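> Got a structure for you, questions after.
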Amino acid sequence: MARQAERTILVVEDEADVRELVSDVLRHEGFEVEEAQDGVQALAVLEREPAPERKLCAVVLDVMLPRLDGVSLLRQLRAHGPEVPVVAMSASEEYLLAAVTAGARGAVAKPFDIDHLVDVVRRACV
């Protein structure tokens, strides 16, 4: 399991209710959570801490986002420094496949089972 300092998850989801649900569940599971409502906000969160100091153990990423979609964000993440594991979420199998092809470590179909999501996130943070 990741060290305590590396138990922070960035949840990137444009639907406020879903973002809040995922964040609350992950907090209940003992993770620290940061949130972003789109890819642009996610990049701003990631830029606050340069890669070597970054304490994220994973990013939970909705693939269909406004302003900067999840696959484009994933490609930008992969182009910089050490890899932060990404767990992609989408109702579209096509978008999930695109995210996995772009480097997502895990994929969760919406609507998702909470226990399954937590399990995938835990595996990403090992």
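Residue numbering restarts at 1 for every chain of the structure tokens, chains are lettered A, B, ... in their displayed order, and ligands are numbered from 1 as they appear.
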Find the residues around region 89-91 of chain A up to 7 Å (only C-alpha atoms counted), leave out those fewer than 5 positions away in its own chain, and share them as a list in words.

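What passes the distance filter is Leu61, Asp62, Val63, Met64, Leu96, Ala107, Val108, Ala109, Lys110 and Pro111 of chain A.
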
> Keeping only C-alpha atoms, take the residues you just selected and write them out as a compact mmCIF listing (two decimals), in the first residue's frame.


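The new file again37.txt reads:
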```txt
# COMPACT_ATOMS: atom_id res chain seq x y z
CA LEU A 61 -10.57 10.88 -14.35
CA ASP A 62 -13.90 11.26 -16.09
CA VAL A 63 -13.07 10.94 -19.78
CA MET A 64 -15.83 13.19 -21.13
CA LEU A 96 -12.71 4.04 -21.93
CA ALA A 107 -11.08 1.81 -16.33
CA VAL A 108 -14.46 1.95 -14.63
CA ALA A 109 -17.70 2.00 -16.61
CA LYS A 110 -20.49 4.35 -15.54
CA PRO A 111 -22.79 3.77 -13.85
```

> Select from region 2-98 of chain A everything DSSP, run on the backbone, classes as strand (DSSP E or B), then give the selection as a PyMOL selection string.

chain A and resi 8-12+32-36+56-62+86-90

> How would the residues just chosen look if you wrote them out with N, CA and C atoms as a PDB file, in the first residue's frame?


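Okay, this is what ended up in out.pdb:
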```pdb
ATOM      1  N   THR A   8      -3.109  10.586  -1.658  1.00  0.00           N
ATOM      2  CA  THR A   8      -3.978  11.643  -2.155  1.00  0.00           C
ATOM      3  C   THR A   8      -4.453  11.279  -3.555  1.00  0.00           C
ATOM      4  N   ILE A   9      -5.751  11.441  -3.766  1.00  0.00           N
ATOM      5  CA  ILE A   9      -6.374  11.163  -5.053  1.00  0.00           C
ATOM      6  C   ILE A   9      -6.892  12.484  -5.614  1.00  0.00           C
ATOM      7  N   LEU A  10      -6.659  12.708  -6.895  1.00  0.00           N
ATOM      8  CA  LEU A  10      -7.267  13.824  -7.597  1.00  0.00           C
ATOM      9  C   LEU A  10      -8.480  13.285  -8.343  1.00  0.00           C
ATOM     10  N   VAL A  11      -9.668  13.783  -8.003  1.00  0.00           N
ATOM     11  CA  VAL A  11     -10.905  13.376  -8.664  1.00  0.00           C
ATOM     12  C   VAL A  11     -11.267  14.466  -9.669  1.00  0.00           C
ATOM     13  N   VAL A  12     -11.302  14.090 -10.950  1.00  0.00           N
ATOM     14  CA  VAL A  12     -11.621  15.029 -12.026  1.00  0.00           C
ATOM     15  C   VAL A  12     -12.942  14.589 -12.645  1.00  0.00           C
ATOM     16  N   GLU A  32      -6.840  11.131   1.120  1.00  0.00           N
ATOM     17  CA  GLU A  32      -7.012  12.568   0.997  1.00  0.00           C
ATOM     18  C   GLU A  32      -7.500  12.783  -0.430  1.00  0.00           C
ATOM     19  N   VAL A  33      -8.339  13.790  -0.657  1.00  0.00           N
ATOM     20  CA  VAL A  33      -8.905  13.999  -1.987  1.00  0.00           C
ATOM     21  C   VAL A  33      -8.789  15.464  -2.382  1.00  0.00           C
ATOM     22  N   GLU A  34      -8.332  15.675  -3.602  1.00  0.00           N
ATOM     23  CA  GLU A  34      -8.397  16.981  -4.240  1.00  0.00           C
ATOM     24  C   GLU A  34      -9.377  16.826  -5.393  1.00  0.00           C
ATOM     25  N   GLU A  35     -10.030  17.934  -5.769  1.00  0.00           N
ATOM     26  CA  GLU A  35     -11.052  17.856  -6.805  1.00  0.00           C
ATOM     27  C   GLU A  35     -10.810  18.880  -7.904  1.00  0.00           C
ATOM     28  N   ALA A  36     -11.242  18.517  -9.104  1.00  0.00           N
ATOM     29  CA  ALA A  36     -11.248  19.423 -10.250  1.00  0.00           C
ATOM     30  C   ALA A  36     -12.482  19.104 -11.071  1.00  0.00           C
ATOM     31  N   LEU A  56       0.440  12.645  -5.203  1.00  0.00           N
ATOM     32  CA  LEU A  56      -0.730  11.899  -5.662  1.00  0.00           C
ATOM     33  C   LEU A  56      -0.397  10.428  -5.854  1.00  0.00           C
ATOM     34  N   CYS A  57      -1.311   9.574  -5.407  1.00  0.00           N
ATOM     35  CA  CYS A  57      -1.132   8.154  -5.719  1.00  0.00           C
ATOM     36  C   CYS A  57      -1.971   7.776  -6.925  1.00  0.00           C
ATOM     37  N   ALA A  58      -2.981   8.596  -7.286  1.00  0.00           N
ATOM     38  CA  ALA A  58      -3.782   8.303  -8.474  1.00  0.00           C
ATOM     39  C   ALA A  58      -4.659   9.499  -8.841  1.00  0.00           C
ATOM     40  N   VAL A  59      -5.105   9.474 -10.080  1.00  0.00           N
ATOM     41  CA  VAL A  59      -6.087  10.425 -10.584  1.00  0.00           C
ATOM     42  C   VAL A  59      -7.297   9.614 -11.035  1.00  0.00           C
ATOM     43  N   VAL A  60      -8.477   9.959 -10.522  1.00  0.00           N
ATOM     44  CA  VAL A  60      -9.724   9.359 -10.991  1.00  0.00           C
ATOM     45  C   VAL A  60     -10.288  10.362 -11.996  1.00  0.00           C
ATOM     46  N   LEU A  61     -10.348   9.945 -13.253  1.00  0.00           N
ATOM     47  CA  LEU A  61     -10.571  10.878 -14.352  1.00  0.00           C
ATOM     48  C   LEU A  61     -11.787  10.514 -15.191  1.00  0.00           C
ATOM     49  N   ASP A  62     -12.794  11.391 -15.162  1.00  0.00           N
ATOM     50  CA  ASP A  62     -13.903  11.262 -16.094  1.00  0.00           C
ATOM     51  C   ASP A  62     -13.336  11.561 -17.478  1.00  0.00           C
ATOM     52  N   VAL A  86      -3.666   6.619 -13.527  1.00  0.00           N
ATOM     53  CA  VAL A  86      -4.962   7.199 -13.842  1.00  0.00           C
ATOM     54  C   VAL A  86      -5.998   6.088 -13.937  1.00  0.00           C
ATOM     55  N   VAL A  87      -7.131   6.317 -13.272  1.00  0.00           N
ATOM     56  CA  VAL A  87      -8.290   5.441 -13.376  1.00  0.00           C
ATOM     57  C   VAL A  87      -9.343   6.224 -14.159  1.00  0.00           C
ATOM     58  N   ALA A  88      -9.642   5.776 -15.362  1.00  0.00           N
ATOM     59  CA  ALA A  88     -10.596   6.462 -16.231  1.00  0.00           C
ATOM     60  C   ALA A  88     -12.019   6.003 -15.920  1.00  0.00           C
ATOM     61  N   MET A  89     -12.965   6.943 -16.034  1.00  0.00           N
ATOM     62  CA  MET A  89     -14.385   6.635 -15.856  1.00  0.00           C
ATOM     63  C   MET A  89     -15.156   7.183 -17.052  1.00  0.00           C
ATOM     64  N   SER A  90     -16.095   6.401 -17.547  1.00  0.00           N
ATOM     65  CA  SER A  90     -16.955   6.877 -18.628  1.00  0.00           C
ATOM     66  C   SER A  90     -18.115   5.912 -18.819  1.00  0.00           C
TER      67      SER A  90
END
```

> Find the residue from A:Ala79, A:Cys125, A:Ala42, A:Leu117 that sits nearest to Leu65 (chain A); use only C-alpha atoms when measuring.

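That would be A:Ala42, the residue with the smallest distance to Leu65 (chain A).
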
> Work out how far CA of Glu29 (chain A) is from CA of Val118 (chain A), in Å to one decimal.

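Separation between CA of Val118 (chain A) and CA of Glu29 (chain A): 8.0 Å.
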
> Which residues in region 17-106 of chain A does DSSP call alpha helix (DSSP H)? List them as JSON, numbers by chain.

{"A": [17, 18, 19, 20, 21, 22, 23, 24, 25, 26, 27, 28, 39, 40, 41, 42, 43, 44, 45, 46, 47, 48, 70, 71, 72, 73, 74, 75, 76, 77, 78, 93, 94, 95, 96, 97, 98, 99, 100, 101]}

> Please provide as a list in words all residues within 12 Å of Asp113 (chain A), with the sequence filter that same-chain residues fewer than 6 positions apart are discarded (counting only C-alpha atoms).

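The residues that qualify are Leu21, Val22, Val25, Met89, Asp119 and Val120 of chain A.
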
> Now that the selection is made, can you save its residues with C-alpha atoms as a PDB file, in the first residue's frame?


```pdb
ATOM      1  CA  LEU A  21     -19.937  11.014  -4.200  1.00  0.00           C
ATOM      2  CA  VAL A  22     -16.578   9.687  -5.418  1.00  0.00           C
ATOM      3  CA  VAL A  25     -16.316   7.504  -0.661  1.00  0.00           C
ATOM      4  CA  MET A  89     -14.385   6.635 -15.856  1.00  0.00           C
ATOM      5  CA  ASP A 119     -10.894  -1.595  -5.511  1.00  0.00           C
ATOM      6  CA  VAL A 120      -9.546  -0.203  -8.811  1.00  0.00           C
TER       7      VAL A 120
END
```

> Restricting the calculation to only C-alpha atoms, which member of A:Val121, A:Leu73, A:Val84, A:Ala16 is positioned closest to Ala102 (chain A)?

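Between A:Val121, A:Leu73, A:Val84, A:Ala16, the residue approaching Ala102 (chain A) most closely is A:Leu73.
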
> Using only C-alpha atoms, find the one residue out of A:Arg48, A:Arg7, A:Arg122, A:Arg105 that sits nearest to Leu74 (chain A).

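The answer is A:Arg105, which sits nearest to Leu74 (chain A).
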
> How many Å lie between CA of Leu46 (chain A) and CA of Asp17 (chain A), rounded to one decimal?

22.5 Å

> Rank nothing, just name the residue among A:Asp24, A:Leu68, A:Ala124, A:Leu77 nearest to Glu47 (chain A), using only C-alpha atoms.

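Smallest distance to Glu47 (chain A) is found for A:Leu77.
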
> Using only C-alpha atoms, which of the listed residues (A:Asp69, A:Glu6, A:Glu49, A:Glu15) sits closest to Ala99 (chain A)?

A:Asp69

> Report, in Å to a single decimal, how far apart CA of Val71 (chain A) and CA of Phe112 (chain A) are.

19.3 Å
